[in-house]
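Enquirer: Just so it is clear, I am handing over run-v2.pdb, which has PDB, C-alpha atoms.
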MODEL        1
ATOM      1  CA  MET A 177     -60.059 -58.638  74.197
ATOM      2  CA  LYS A 178     -62.702 -55.901  74.249
ATOM      3  CA  VAL A 179     -61.382 -52.632  72.831
ATOM      4  CA  ALA A 180     -63.221 -49.306  72.944
ATOM      5  CA  VAL A 181     -62.223 -46.562  70.501
ATOM      6  CA  VAL A 182     -63.462 -43.254  71.880
ATOM      7  CA  GLY A 183     -63.803 -40.687  69.109
ATOM      8  CA  ALA A 184     -64.306 -43.482  66.583
ATOM      9  CA  THR A 185     -65.872 -41.210  63.955
ATOM     10  CA  GLY A 186     -62.941 -38.751  63.846
ATOM     11  CA  LEU A 187     -59.778 -38.729  61.711
ATOM     12  CA  VAL A 188     -57.552 -40.285  64.378
ATOM     13  CA  GLY A 189     -60.286 -42.657  65.557
ATOM     14  CA  GLY A 190     -60.591 -44.060  62.049
ATOM     15  CA  GLU A 191     -56.820 -44.412  61.874
ATOM     16  CA  ILE A 192     -56.763 -46.252  65.210
ATOM     17  CA  MET A 193     -59.197 -48.853  63.863
ATOM     18  CA  LYS A 194     -57.104 -49.201  60.718
ATOM     19  CA  VAL A 195     -53.916 -49.705  62.781
ATOM     20  CA  LEU A 196     -55.631 -52.242  65.071
ATOM     21  CA  THR A 197     -56.515 -54.221  61.948
ATOM     22  CA  GLU A 198     -53.112 -53.944  60.265
ATOM     23  CA  ARG A 199     -51.179 -54.909  63.393
ATOM     24  CA  ASN A 200     -53.547 -57.820  64.172
ATOM     25  CA  PHE A 201     -54.314 -56.557  67.653
ATOM     26  CA  PRO A 202     -56.350 -59.312  69.389
ATOM     27  CA  VAL A 203     -59.728 -57.557  69.294
ATOM     28  CA  THR A 204     -62.572 -59.923  70.194
ATOM     29  CA  GLU A 205     -65.111 -57.108  70.404
ATOM     30  CA  LEU A 206     -64.843 -53.537  69.132
ATOM     31  CA  ILE A 207     -66.792 -50.828  70.925
ATOM     32  CA  PRO A 208     -66.883 -47.618  68.852
ATOM     33  CA  VAL A 209     -67.679 -44.631  71.074
ATOM     34  CA  ALA A 210     -68.494 -41.033  70.165
ATOM     35  CA  SER A 211     -70.504 -37.996  71.239
ATOM     36  CA  GLU A 212     -74.296 -38.042  71.355
ATOM     37  CA  ARG A 213     -74.668 -36.656  67.829
ATOM     38  CA  SER A 214     -72.812 -39.671  66.411
ATOM     39  CA  VAL A 215     -74.493 -42.367  68.529
ATOM     40  CA  GLY A 216     -76.276 -44.863  66.295
ATOM     41  CA  LYS A 217     -73.990 -44.293  63.313
ATOM     42  CA  GLN A 218     -72.170 -47.252  61.763
ATOM     43  CA  VAL A 219     -68.413 -47.698  61.488
ATOM     44  CA  GLU A 220     -66.598 -50.506  59.719
ATOM     45  CA  PHE A 221     -63.944 -52.677  61.344
ATOM     46  CA  LYS A 222     -62.471 -55.791  59.709
ATOM     47  CA  GLY A 223     -65.309 -55.892  57.184
ATOM     48  CA  LYS A 224     -68.070 -55.763  59.786
ATOM     49  CA  GLN A 225     -70.372 -52.904  60.738
ATOM     50  CA  TYR A 226     -70.464 -51.720  64.363
ATOM     51  CA  THR A 227     -72.910 -49.283  65.927
ATOM     52  CA  VAL A 228     -71.486 -46.247  67.693
ATOM     53  CA  VAL A 229     -72.472 -46.035  71.370
ATOM     54  CA  GLY A 230     -72.252 -43.306  74.014
ATOM     55  CA  PHE A 231     -69.788 -43.121  76.907
ATOM     56  CA  GLU A 232     -72.084 -44.537  79.563
ATOM     57  CA  ASP A 233     -73.031 -47.591  77.501
ATOM     58  CA  ALA A 234     -69.375 -48.179  76.613
ATOM     59  CA  ILE A 235     -68.379 -48.255  80.293
ATOM     60  CA  LYS A 236     -71.177 -50.759  81.035
ATOM     61  CA  MET A 237     -69.778 -52.995  78.266
ATOM     62  CA  LYS A 238     -66.523 -53.274  80.277
ATOM     63  CA  PRO A 239     -63.802 -53.013  77.621
ATOM     64  CA  ASP A 240     -60.293 -54.096  78.661
ATOM     65  CA  VAL A 241     -58.756 -50.996  77.134
ATOM     66  CA  ALA A 242     -60.168 -47.727  75.793
ATOM     67  CA  ILE A 243     -58.144 -45.757  73.265
ATOM     68  CA  PHE A 244     -59.272 -42.134  73.381
ATOM     69  CA  SER A 245     -59.033 -39.595  70.575
ATOM     70  CA  ALA A 246     -61.893 -37.276  71.383
ATOM     71  CA  GLY A 247     -60.230 -34.023  72.463
ATOM     72  CA  GLY A 248     -58.914 -32.742  75.774
ATOM     73  CA  GLY A 249     -62.253 -31.601  77.187
ATOM     74  CA  THR A 250     -63.837 -34.997  76.652
ATOM     75  CA  SER A 251     -60.817 -36.842  78.023
ATOM     76  CA  THR A 252     -60.736 -34.687  81.150
ATOM     77  CA  LYS A 253     -64.371 -35.520  81.936
ATOM     78  CA  ILE A 254     -64.758 -39.061  80.618
ATOM     79  CA  ALA A 255     -61.387 -40.841  80.988
ATOM     80  CA  PRO A 256     -61.596 -40.889  84.825
ATOM     81  CA  LEU A 257     -65.021 -42.586  84.591
ATOM     82  CA  PHE A 258     -63.506 -45.387  82.484
ATOM     83  CA  ALA A 259     -60.526 -45.637  84.852
ATOM     84  CA  GLU A 260     -62.782 -45.815  87.918
ATOM     85  CA  ALA A 261     -64.546 -48.763  86.260
ATOM     86  CA  GLY A 262     -61.189 -50.553  86.004
ATOM     87  CA  ILE A 263     -60.739 -49.871  82.286
ATOM     88  CA  THR A 264     -57.249 -48.855  81.132
ATOM     89  CA  VAL A 265     -57.310 -45.659  79.078
ATOM     90  CA  VAL A 266     -54.723 -44.681  76.460
ATOM     91  CA  ASP A 267     -55.429 -41.017  75.762
ATOM     92  CA  ASN A 268     -54.391 -39.131  72.624
ATOM     93  CA  SER A 269     -55.285 -35.652  73.848
ATOM     94  CA  SER A 270     -53.157 -33.154  75.756
ATOM     95  CA  ALA A 271     -55.355 -33.503  78.877
ATOM     96  CA  TRP A 272     -53.071 -35.765  80.932
ATOM     97  CA  ARG A 273     -49.640 -35.396  79.331
ATOM     98  CA  MET A 274     -48.071 -33.123  81.915
ATOM     99  CA  ASP A 275     -50.010 -34.494  84.893
ATOM    100  CA  PRO A 276     -47.244 -35.675  87.255
ATOM    101  CA  THR A 277     -49.380 -38.666  88.287
ATOM    102  CA  LYS A 278     -49.741 -39.933  84.683
ATOM    103  CA  LYS A 279     -47.164 -41.635  82.439
ATOM    104  CA  LEU A 280     -46.402 -40.050  79.052
ATOM    105  CA  VAL A 281     -45.344 -42.956  76.867
ATOM    106  CA  VAL A 282     -43.477 -43.626  73.656
ATOM    107  CA  PRO A 283     -43.128 -47.439  73.777
ATOM    108  CA  GLU A 284     -39.618 -47.551  72.270
ATOM    109  CA  ILE A 285     -38.408 -45.277  75.080
ATOM    110  CA  ASN A 286     -40.301 -45.694  78.338
ATOM    111  CA  ALA A 287     -42.997 -48.395  78.139
ATOM    112  CA  HIS A 288     -41.019 -50.290  80.777
ATOM    113  CA  THR A 289     -42.262 -47.781  83.373
ATOM    114  CA  LEU A 290     -45.902 -48.922  82.993
ATOM    115  CA  THR A 291     -47.656 -50.945  85.707
ATOM    116  CA  THR A 292     -51.158 -52.282  86.384
ATOM    117  CA  GLU A 293     -51.732 -49.149  88.489
ATOM    118  CA  ASP A 294     -51.581 -46.921  85.401
ATOM    119  CA  LYS A 295     -55.233 -46.603  84.408
ATOM    120  CA  ILE A 296     -54.840 -43.390  82.370
ATOM    121  CA  ILE A 297     -51.795 -43.341  80.086
ATOM    122  CA  ALA A 298     -51.021 -40.278  77.997
ATOM    123  CA  ASN A 299     -50.023 -40.432  74.330
ATOM    124  CA  PRO A 300     -47.611 -37.565  73.520
ATOM    125  CA  ASN A 301     -48.005 -34.805  70.962
ATOM    126  CA  CYS A 302     -47.408 -35.980  67.379
ATOM    127  CA  SER A 303     -44.452 -33.677  66.694
ATOM    128  CA  THR A 304     -42.806 -34.676  69.987
ATOM    129  CA  ILE A 305     -43.162 -38.420  69.365
ATOM    130  CA  GLN A 306     -41.283 -38.498  66.074
ATOM    131  CA  MET A 307     -38.498 -36.310  67.430
ATOM    132  CA  VAL A 308     -37.828 -38.251  70.650
ATOM    133  CA  VAL A 309     -37.792 -41.627  68.865
ATOM    134  CA  VAL A 310     -34.713 -40.337  67.027
ATOM    135  CA  LEU A 311     -33.213 -38.308  69.881
ATOM    136  CA  ASN A 312     -33.353 -40.943  72.626
ATOM    137  CA  PRO A 313     -30.695 -43.401  71.347
ATOM    138  CA  LEU A 314     -28.367 -40.479  70.648
ATOM    139  CA  HIS A 315     -29.002 -39.050  74.117
ATOM    140  CA  LEU A 316     -28.103 -42.380  75.705
ATOM    141  CA  LYS A 317     -24.800 -42.391  73.807
ATOM    142  CA  TYR A 318     -23.698 -38.740  73.750
ATOM    143  CA  LYS A 319     -26.030 -36.918  76.212
ATOM    144  CA  ILE A 320     -28.055 -34.139  74.640
ATOM    145  CA  LYS A 321     -27.467 -30.630  75.939
ATOM    146  CA  ARG A 322     -29.771 -28.546  73.711
ATOM    147  CA  VAL A 323     -32.268 -29.043  70.886
ATOM    148  CA  VAL A 324     -33.470 -26.392  68.417
ATOM    149  CA  VAL A 325     -36.414 -27.626  66.352
ATOM    150  CA  SER A 326     -38.525 -26.058  63.614
ATOM    151  CA  THR A 327     -41.526 -28.043  62.410
ATOM    152  CA  TYR A 328     -43.395 -28.211  59.108
ATOM    153  CA  GLN A 329     -46.723 -29.741  60.102
ATOM    154  CA  SER A 330     -49.510 -31.228  57.990
ATOM    155  CA  VAL A 331     -53.050 -29.839  58.091
ATOM    156  CA  THR A 332     -54.221 -33.301  59.176
ATOM    157  CA  GLY A 333     -52.852 -32.389  62.611
ATOM    158  CA  THR A 334     -55.769 -29.967  62.969
ATOM    159  CA  GLY A 335     -58.382 -32.478  61.823
ATOM    160  CA  LYS A 336     -60.839 -33.087  59.003
ATOM    161  CA  ALA A 337     -62.099 -29.484  58.975
ATOM    162  CA  ALA A 338     -58.592 -28.252  58.158
ATOM    163  CA  VAL A 339     -58.264 -30.728  55.288
ATOM    164  CA  ASP A 340     -61.629 -29.491  54.005
ATOM    165  CA  GLN A 341     -60.421 -25.878  54.236
ATOM    166  CA  LEU A 342     -57.243 -26.644  52.284
ATOM    167  CA  PHE A 343     -59.054 -28.349  49.418
ATOM    168  CA  ALA A 344     -61.833 -25.761  49.322
ATOM    169  CA  GLU A 345     -59.200 -23.018  48.941
ATOM    170  CA  ARG A 346     -57.399 -25.033  46.287
ATOM    171  CA  GLU A 347     -60.660 -25.353  44.345
ATOM    172  CA  GLY A 348     -61.611 -21.697  44.846
ATOM    173  CA  ARG A 349     -64.635 -22.524  47.010
ATOM    174  CA  THR A 350     -65.775 -20.437  49.983
ATOM    175  CA  ASP A 351     -68.498 -22.776  51.271
ATOM    176  CA  VAL A 352     -66.323 -24.372  53.967
ATOM    177  CA  PRO A 353     -65.765 -22.791  57.412
ATOM    178  CA  ALA A 354     -62.151 -21.723  57.991
ATOM    179  CA  VAL A 355     -60.340 -23.244  60.966
ATOM    180  CA  TYR A 356     -57.189 -21.160  60.491
ATOM    181  CA  PRO A 357     -57.032 -17.355  60.859
ATOM    182  CA  HIS A 358     -55.446 -17.092  57.393
ATOM    183  CA  LYS A 359     -55.515 -18.961  54.099
ATOM    184  CA  ILE A 360     -53.496 -22.202  54.281
ATOM    185  CA  ASP A 361     -53.217 -23.188  50.598
ATOM    186  CA  LEU A 362     -49.983 -21.816  49.068
ATOM    187  CA  ASN A 363     -49.164 -20.365  52.475
ATOM    188  CA  VAL A 364     -47.241 -21.117  55.693
ATOM    189  CA  LEU A 365     -48.570 -20.286  59.170
ATOM    190  CA  PRO A 366     -45.988 -19.950  61.991
ATOM    191  CA  HIS A 367     -48.777 -20.609  64.439
ATOM    192  CA  ILE A 368     -50.020 -23.943  65.847
ATOM    193  CA  ASP A 369     -52.417 -23.917  68.811
ATOM    194  CA  VAL A 370     -52.850 -20.778  70.940
ATOM    195  CA  PHE A 371     -50.206 -18.174  71.751
ATOM    196  CA  LEU A 372     -49.038 -18.050  75.361
ATOM    197  CA  ASP A 373     -47.801 -15.122  77.459
ATOM    198  CA  ASN A 374     -44.150 -15.977  76.736
ATOM    199  CA  GLY A 375     -44.661 -15.498  72.968
ATOM    200  CA  TYR A 376     -44.495 -19.223  72.216
ATOM    201  CA  THR A 377     -47.473 -21.309  71.141
ATOM    202  CA  LYS A 378     -48.921 -24.130  73.196
ATOM    203  CA  GLU A 379     -47.662 -26.596  70.554
ATOM    204  CA  GLU A 380     -44.112 -25.274  70.936
ATOM    205  CA  MET A 381     -44.219 -25.604  74.710
ATOM    206  CA  LYS A 382     -45.617 -29.139  74.373
ATOM    207  CA  MET A 383     -42.429 -30.090  72.518
ATOM    208  CA  VAL A 384     -40.301 -28.456  75.214
ATOM    209  CA  ASN A 385     -42.006 -30.041  78.214
ATOM    210  CA  GLU A 386     -42.976 -33.438  76.784
ATOM    211  CA  THR A 387     -39.449 -34.151  75.520
ATOM    212  CA  LYS A 388     -38.057 -33.806  79.031
ATOM    213  CA  LYS A 389     -40.769 -35.968  80.565
ATOM    214  CA  ILE A 390     -40.578 -38.803  78.007
ATOM    215  CA  MET A 391     -36.783 -38.902  78.006
ATOM    216  CA  MET A 392     -36.779 -38.564  81.797
ATOM    217  CA  ASP A 393     -34.178 -35.780  81.815
ATOM    218  CA  ASP A 394     -35.067 -32.202  82.787
ATOM    219  CA  SER A 395     -31.586 -31.007  81.848
ATOM    220  CA  ILE A 396     -32.331 -31.195  78.093
ATOM    221  CA  ALA A 397     -32.924 -27.648  76.813
ATOM    222  CA  VAL A 398     -35.450 -27.498  73.969
ATOM    223  CA  THR A 399     -36.596 -24.506  71.934
ATOM    224  CA  ALA A 400     -39.197 -24.875  69.205
ATOM    225  CA  THR A 401     -40.932 -23.029  66.381
ATOM    226  CA  THR A 402     -43.958 -24.926  65.056
ATOM    227  CA  VAL A 403     -45.320 -24.170  61.596
ATOM    228  CA  ARG A 404     -48.388 -25.321  59.660
ATOM    229  CA  ILE A 405     -47.877 -26.029  55.948
ATOM    230  CA  PRO A 406     -50.360 -27.114  53.228
ATOM    231  CA  THR A 407     -49.393 -30.789  53.115
ATOM    232  CA  ILE A 408     -51.252 -33.992  53.942
ATOM    233  CA  GLY A 409     -49.642 -37.138  55.218
ATOM    234  CA  GLY A 410     -46.991 -36.160  57.704
ATOM    235  CA  HIS A 411     -45.034 -33.728  59.833
ATOM    236  CA  SER A 412     -41.438 -32.741  59.055
ATOM    237  CA  GLU A 413     -38.854 -31.310  61.440
ATOM    238  CA  SER A 414     -35.511 -29.595  61.113
ATOM    239  CA  VAL A 415     -33.619 -30.493  64.278
ATOM    240  CA  ASN A 416     -30.320 -29.115  65.580
ATOM    241  CA  ILE A 417     -28.826 -31.101  68.479
ATOM    242  CA  GLU A 418     -25.953 -30.031  70.714
ATOM    243  CA  PHE A 419     -24.358 -32.858  72.717
ATOM    244  CA  GLU A 420     -22.319 -32.845  75.910
ATOM    245  CA  ASN A 421     -19.909 -35.348  74.334
ATOM    246  CA  GLU A 422     -18.240 -35.565  70.939
ATOM    247  CA  PHE A 423     -19.802 -37.898  68.386
ATOM    248  CA  ASP A 424     -18.598 -39.806  65.364
ATOM    249  CA  LEU A 425     -20.824 -39.170  62.342
ATOM    250  CA  GLN A 426     -20.642 -42.742  61.039
ATOM    251  CA  GLU A 427     -21.513 -44.015  64.509
ATOM    252  CA  VAL A 428     -24.592 -41.755  64.513
ATOM    253  CA  PHE A 429     -25.699 -43.364  61.240
ATOM    254  CA  ASP A 430     -25.076 -46.830  62.697
ATOM    255  CA  ILE A 431     -27.014 -46.084  65.906
ATOM    256  CA  LEU A 432     -30.040 -44.726  64.053
ATOM    257  CA  SER A 433     -29.961 -47.507  61.467
ATOM    258  CA  ASN A 434     -30.281 -49.998  64.331
ATOM    259  CA  THR A 435     -32.964 -48.130  66.274
ATOM    260  CA  GLU A 436     -36.399 -49.755  66.475
ATOM    261  CA  GLY A 437     -38.992 -47.818  64.506
ATOM    262  CA  VAL A 438     -36.456 -45.591  62.695
ATOM    263  CA  ILE A 439     -35.530 -45.723  59.008
ATOM    264  CA  VAL A 440     -32.524 -43.749  57.771
ATOM    265  CA  GLN A 441     -33.018 -42.191  54.322
ATOM    266  CA  ASP A 442     -29.847 -40.255  53.655
ATOM    267  CA  ASP A 443     -28.308 -40.320  50.173
ATOM    268  CA  PRO A 444     -28.273 -36.682  49.026
ATOM    269  CA  LYS A 445     -26.295 -37.431  45.854
ATOM    270  CA  ASN A 446     -29.287 -39.433  44.660
ATOM    271  CA  PHE A 447     -31.833 -36.999  46.168
ATOM    272  CA  VAL A 448     -32.832 -39.468  48.872
ATOM    273  CA  TYR A 449     -34.150 -37.836  52.045
ATOM    274  CA  PRO A 450     -37.358 -38.132  54.083
ATOM    275  CA  MET A 451     -40.500 -36.487  52.720
ATOM    276  CA  PRO A 452     -44.068 -36.526  54.068
ATOM    277  CA  ILE A 453     -45.429 -37.790  50.753
ATOM    278  CA  ASN A 454     -43.411 -40.988  51.264
ATOM    279  CA  ALA A 455     -44.095 -41.299  55.006
ATOM    280  CA  HIS A 456     -47.871 -41.213  54.488
ATOM    281  CA  GLY A 457     -49.542 -44.369  55.814
ATOM    282  CA  LYS A 458     -46.344 -45.720  57.391
ATOM    283  CA  ASP A 459     -45.613 -46.399  61.061
ATOM    284  CA  GLU A 460     -41.878 -45.665  61.077
ATOM    285  CA  VAL A 461     -40.017 -42.417  61.731
ATOM    286  CA  PHE A 462     -37.743 -41.390  58.858
ATOM    287  CA  VAL A 463     -34.510 -39.456  59.343
ATOM    288  CA  GLY A 464     -32.027 -37.971  56.883
ATOM    289  CA  ARG A 465     -29.889 -34.922  56.028
ATOM    290  CA  ILE A 466     -27.678 -36.032  58.930
ATOM    291  CA  ARG A 467     -24.664 -33.732  59.078
ATOM    292  CA  ARG A 468     -22.450 -31.812  61.436
ATOM    293  CA  ASP A 469     -23.298 -28.249  62.357
ATOM    294  CA  GLU A 470     -20.104 -26.580  61.172
ATOM    295  CA  THR A 471     -20.683 -23.454  63.282
ATOM    296  CA  GLN A 472     -20.124 -25.075  66.667
ATOM    297  CA  PRO A 473     -18.645 -28.259  68.169
ATOM    298  CA  LYS A 474     -20.523 -31.420  69.189
ATOM    299  CA  THR A 475     -23.601 -30.337  67.229
ATOM    300  CA  LEU A 476     -25.644 -32.222  64.647
ATOM    301  CA  ASN A 477     -28.311 -31.279  62.092
ATOM    302  CA  MET A 478     -30.992 -33.679  60.862
ATOM    303  CA  TRP A 479     -34.399 -33.845  59.164
ATOM    304  CA  ILE A 480     -37.123 -36.022  60.733
ATOM    305  CA  VAL A 481     -40.423 -37.008  59.071
ATOM    306  CA  ALA A 482     -43.350 -39.198  60.185
ATOM    307  CA  ASP A 483     -47.038 -39.641  59.469
ATOM    308  CA  ASN A 484     -48.641 -37.644  62.283
ATOM    309  CA  LEU A 485     -51.854 -39.695  62.241
ATOM    310  CA  ARG A 486     -49.899 -42.956  62.457
ATOM    311  CA  LYS A 487     -46.802 -42.933  64.692
ATOM    312  CA  GLY A 488     -47.761 -39.452  65.838
ATOM    313  CA  ALA A 489     -51.126 -40.646  67.177
ATOM    314  CA  ALA A 490     -52.853 -43.932  66.284
ATOM    315  CA  THR A 491     -49.858 -46.263  65.981
ATOM    316  CA  ASN A 492     -48.209 -45.035  69.167
ATOM    317  CA  ALA A 493     -51.473 -45.510  71.082
ATOM    318  CA  VAL A 494     -51.952 -49.026  69.719
ATOM    319  CA  GLN A 495     -48.310 -49.864  70.512
ATOM    320  CA  ILE A 496     -48.972 -48.846  74.122
ATOM    321  CA  ALA A 497     -51.999 -51.164  74.181
ATOM    322  CA  GLU A 498     -49.876 -53.942  72.650
ATOM    323  CA  TYR A 499     -47.278 -53.532  75.394
ATOM    324  CA  LEU A 500     -49.961 -53.633  78.082
ATOM    325  CA  ALA A 501     -51.499 -56.798  76.599
ATOM    326  CA  LYS A 502     -48.161 -58.549  76.071
ATOM    327  CA  ASN A 503     -47.051 -57.844  79.640
ATOM    328  CA  ASN A 504     -50.380 -58.744  81.285
ATOM    329  CA  LEU A 505     -50.962 -55.193  82.503
ATOM    330  CA  LEU A 506     -54.626 -54.974  81.467
TER     331      LEU A 506
ENDMDL
END
Represent the structure from my file as structure tokens, please.
Expert:
Amino acid sequence: MKVAVVGATGLVGGEIMKVLTERNFPVTELIPVASERSVGKQVEFKGKQYTVVGFEDAIKMKPDVAIFSAGGGTSTKIAPLFAEAGITVVDNSSAWRMDPTKKLVVPEINAHTLTTEDKIIANPNCSTIQMVVVLNPLHLKYKIKRVVVSTYQSVTGTGKAAVDQLFAEREGRTDVPAVYPHKIDLNVLPHIDVFLDNGYTKEEMKMVNETKKIMMDDSIAVTATTVRIPTIGGHSESVNIEFENEFDLQEVFDILSNTEGVIVQDDPKNFVYPMPINAHGKDEVFVGRIRRDETQPKTLNMWIVADNLRKGAATNAVQIAEYLAKNNLL
């Protein structure tokens, strides 16, 4: 199977190639694709060197699937060209997520909706993915009424330049361009993406709108505050969930313990709870601090952590490709 990775020289692109290797995706030919300034560079995949090509050459090479992680502007322009050539695109950017003609997919939840007609498939926002993987089985059992989420997001979500800024600040250097409007080391920024007219950020509204689309239920009320913190390796979320129906706490533990892609880490007496430092490099979503909200009925608190470059981006995209291949949809 020919696989193109568009944005192969970026943080997520590199992670996609790593995940393809680790999960033994049946790649017969890798086609690394990037912008003109990276064409001709070498990338490594399974111990071999591959030369980066441009978009036009990649389309001529007729890959079966193209996994995009090259930004919304690039995806808007280039993904339709791949699709028109009959190549299935799995896109990591925000370009197609809320397009009513495109599927927004987390495989554990809604991969079954995919068909051969879906030539551009959207990968959700990283913070949304890890939350809905945990929410969906509980929604099916108790029906979610409202979600209040506050995030604690890694600088890797902004890209390599943000990681460079963090370490430059930590080392006292000023030779690196800043990507945030304030210092990030030893600081917390309640600001991810641009501010909108309603006072929320674009990232916060992504969590609101994408949750409803993925879980296929517009009745779920979501309100979010997204925050950037100086960590590397994963996003964390404090989530408060109000249900329509009463729940049994032990049953919640049992449901989540038996949910594909979820690992429960909840033993507070022994200081066991999810942390980004432990989620780094892993594909699963970790959940803990599961407890009743004692201020109102039918309401639950929990703490959700996942590696944003893995399940939040690369792994989810590769899982979509795996589903397509397994079900002969490519």
Enquirer: Could you check how far atom CA of Met177 of chain A sits from atom CA of Glu198 of chain A, in Å to one decimal?
Expert: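 Between these atoms lies a distance of 16.3 Å.
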Enquirer: Restricting the calculation to all atoms listed in the file, which member of A:Gly186, A:Pro283, A:Pro473, A:Pro256 is positioned closest to Gly333 of chain A?
Expert: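 Nearest to Gly333 of chain A: A:Gly186.
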Enquirer: Evaluate the PyMOL selection byres ((chain A and resi 250-254) around 9) here and jot the selected residues down as a list in words.
Expert: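 After applying the PyMOL selection byres ((chain A and resi 250-254) around 9), what remains is Phe231, Phe244, Ser245, Ala246, Gly247, Gly248, Gly249, Ala255, Pro256, Leu257, Phe258, Ala259, Asp267, Asn268, Ser269, Ser270, Ala271 and Trp272 of chain A.
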Enquirer: Would you mind listing, for every residue of segment 334-410 of chain A within 9 Å of segment 453-472 of chain A, the two atoms forming the shortest contact and the distance between them in Å to one decimal, using all atoms listed in the file, sorted by chain and ascending residue number, as a Markdown table?
Expert:
| residue | atom | partner | partner_atom | distance |
| --- | --- | --- | --- | --- |
| A:Thr407 | CA | A:Ile453 | CA | 8.4 |
| A:Ile408 | CA | A:Ile453 | CA | 7.6 |
| A:Gly409 | CA | A:His456 | CA | 4.5 |
| A:Gly410 | CA | A:His456 | CA | 6.1 |
Enquirer: Of the residues A:Asp340, A:Glu386, A:Glu205, A:Asp294, which is the one nearest to Pro406 of chain A, using all atoms listed in the file?
Expert: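 Ranked by minimum distance to Pro406 of chain A, first place goes to A:Asp340.
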Enquirer: Output the residue selection produced by the PyMOL selection byres ((chain A and resi 421) around 8) on the file above, formatted as a ChimeraX atom specification.
Expert: /A:318-319,419-420,422-423,474
Enquirer: For the provided coordinates, the residues matched by the PyMOL selection byres ((chain A and resi 366) around 6) should be stated as a PyMOL selection string.
Expert: chain A and resi 365+367+403
Enquirer: Quick one: distance from atom CA of Ile396 of chain A to atom CA of Asn301 of chain A in Å, one decimal?
Expert: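 Computing the Euclidean distance for atom CA of Ile396 of chain A and atom CA of Asn301 of chain A yields 17.6 Å.
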Enquirer: As an exercise, work out the distance from atom CA of Val494 of chain A to atom CA of Val195 of chain A in Å and give it to one decimal place.
Expert: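 For atom CA of Val494 of chain A relative to atom CA of Val195 of chain A, the distance reads 7.2 Å.
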Enquirer: Please reconstruct the missing atoms of segment 421-435 of chain A (target: N, CA and C atoms) and return them as a PDB file, in the frame of the given file.
Expert:
ATOM      1  N   ASN A 421     -21.091 -34.592  74.735  1.00  0.00           N
ATOM      2  CA  ASN A 421     -19.909 -35.348  74.334  1.00  0.00           C
ATOM      3  C   ASN A 421     -19.746 -35.361  72.814  1.00  0.00           C
ATOM      4  N   GLU A 422     -18.527 -35.521  72.373  1.00  0.00           N
ATOM      5  CA  GLU A 422     -18.240 -35.565  70.939  1.00  0.00           C
ATOM      6  C   GLU A 422     -18.830 -36.842  70.334  1.00  0.00           C
ATOM      7  N   PHE A 423     -19.225 -36.745  69.081  1.00  0.00           N
ATOM      8  CA  PHE A 423     -19.802 -37.898  68.386  1.00  0.00           C
ATOM      9  C   PHE A 423     -19.019 -38.177  67.114  1.00  0.00           C
ATOM     10  N   ASP A 424     -19.151 -39.406  66.664  1.00  0.00           N
ATOM     11  CA  ASP A 424     -18.598 -39.806  65.364  1.00  0.00           C
ATOM     12  C   ASP A 424     -19.783 -39.913  64.402  1.00  0.00           C
ATOM     13  N   LEU A 425     -19.688 -39.245  63.260  1.00  0.00           N
ATOM     14  CA  LEU A 425     -20.824 -39.170  62.342  1.00  0.00           C
ATOM     15  C   LEU A 425     -21.252 -40.547  61.839  1.00  0.00           C
ATOM     16  N   GLN A 426     -20.291 -41.398  61.507  1.00  0.00           N
ATOM     17  CA  GLN A 426     -20.642 -42.742  61.039  1.00  0.00           C
ATOM     18  C   GLN A 426     -21.327 -43.542  62.150  1.00  0.00           C
ATOM     19  N   GLU A 427     -20.893 -43.320  63.378  1.00  0.00           N
ATOM     20  CA  GLU A 427     -21.513 -44.015  64.509  1.00  0.00           C
ATOM     21  C   GLU A 427     -22.963 -43.554  64.686  1.00  0.00           C
ATOM     22  N   VAL A 428     -23.217 -42.273  64.456  1.00  0.00           N
ATOM     23  CA  VAL A 428     -24.592 -41.755  64.513  1.00  0.00           C
ATOM     24  C   VAL A 428     -25.470 -42.491  63.505  1.00  0.00           C
ATOM     25  N   PHE A 429     -24.960 -42.628  62.276  1.00  0.00           N
ATOM     26  CA  PHE A 429     -25.699 -43.364  61.240  1.00  0.00           C
ATOM     27  C   PHE A 429     -25.962 -44.804  61.688  1.00  0.00           C
ATOM     28  N   ASP A 430     -24.944 -45.428  62.263  1.00  0.00           N
ATOM     29  CA  ASP A 430     -25.076 -46.830  62.697  1.00  0.00           C
ATOM     30  C   ASP A 430     -26.106 -46.966  63.816  1.00  0.00           C
ATOM     31  N   ILE A 431     -26.064 -46.040  64.778  1.00  0.00           N
ATOM     32  CA  ILE A 431     -27.014 -46.084  65.906  1.00  0.00           C
ATOM     33  C   ILE A 431     -28.446 -45.955  65.401  1.00  0.00           C
ATOM     34  N   LEU A 432     -28.684 -44.966  64.541  1.00  0.00           N
ATOM     35  CA  LEU A 432     -30.040 -44.726  64.053  1.00  0.00           C
ATOM     36  C   LEU A 432     -30.515 -45.847  63.137  1.00  0.00           C
ATOM     37  N   SER A 433     -29.599 -46.400  62.364  1.00  0.00           N
ATOM     38  CA  SER A 433     -29.961 -47.507  61.467  1.00  0.00           C
ATOM     39  C   SER A 433     -30.384 -48.749  62.237  1.00  0.00           C
ATOM     40  N   ASN A 434     -29.954 -48.836  63.501  1.00  0.00           N
ATOM     41  CA  ASN A 434     -30.281 -49.998  64.331  1.00  0.00           C
ATOM     42  C   ASN A 434     -31.284 -49.672  65.431  1.00  0.00           C
ATOM     43  N   THR A 435     -31.972 -48.538  65.285  1.00  0.00           N
ATOM     44  CA  THR A 435     -32.964 -48.130  66.274  1.00  0.00           C
ATOM     45  C   THR A 435     -34.353 -48.590  65.849  1.00  0.00           C
TER      46      THR A 435
END
